[in-house]
Amino acid sequence: MKPGTRDGAGVLGAILAALCCAGTPFIVGGLAALGLGFLRKDGILWPAMLLALAVAVTGFWKGARTHGRWGPFVVGGLGAVSLAAGVILVHGFPAMQMIYGGSAALVIGAGWNSYARRNRATVSTRASA
């Protein structure tokens with residue numbers, strides 16, 4: 001997997017699994033339409049979400065080591081904790097707020113990480129010229 005895609009792929013997988021756990025209608029309907037409704041079980045979705053979060057956080061960490069900015073790692077890590085806690089530990093309305101907030105933090109962290117990676121490549125190219 002390319003270094004820049006690990007965090008984005010992990011974020012996408014984790015958000016889809018979390019929204020499926022939360023019962024978001026378009027995710028649940030899409031799974032049913034594809035004949036994959038049997039996948040909507042916590043025993044399948046929780047490990048898939050946690051694995052995707054591990055991939056995303058690893059991508060944030062590698063990005064931080066590459067470009068030297070730890071902000072995306074912190075934002076993404078906090079988003080991962082919020083998303084996982086909202087799905088597994090908290091229930092009801094507060095859980096949905098944690099899931100949506102964690103999802104937003106993960107997307108912001110992935111975008112920031114991608115920007116920092118591109119910006120570092122541009123700066124290092126200019127410095128070497």
# chains A, B, ... in the order shown; residues from 1 in each chain; ligands from 1
call {"tool": "select_by_dssp", "arguments": {"residues": "region 29-129 of chain A", "states": "alpha helix (DSSP H)", "output": "ChimeraX atom specification"}}
result
/A:29-33,42-67,71-88,93-128
call {"tool": "residues_around", "arguments": {"residues": "Leu50 (chain A)", "least_positions_apart": "5", "cutoff": "12 Å", "atoms": "only C-alpha atoms", "output": "VMD selection string"}}
result
chain A and resid 10 to 11 13 to 18 42 to 45 55 to 57 80 to 81 83 to 85 87 to 88
call {"tool": "atom_distance", "arguments": {"atom1": "CA of Cys21 (chain A)", "atom2": "CA of Gly71 (chain A)"}}
result
28.4 Å
call {"tool": "closest_residue", "arguments": {"among": "A:Pro25, A:Gly59, A:Gly68, A:Gly102", "to": "Gly8 (chain A)", "atoms": "only C-alpha atoms"}}
result
A:Gly59
call {"tool": "atom_distance", "arguments": {"atom1": "CA of Ala32 (chain A)", "atom2": "CA of Gln97 (chain A)"}}
result
25.2 Å
call {"tool": "atom_distance", "arguments": {"atom1": "CA of Met98 (chain A)", "atom2": "CA of Ala22 (chain A)"}}
result
11.1 Å
call {"tool": "closest_residue", "arguments": {"among": "A:Ala104, A:Gly63, A:His91, A:Ser82", "to": "Asn119 (chain A)", "atoms": "only C-alpha atoms"}}
result
A:Gly63
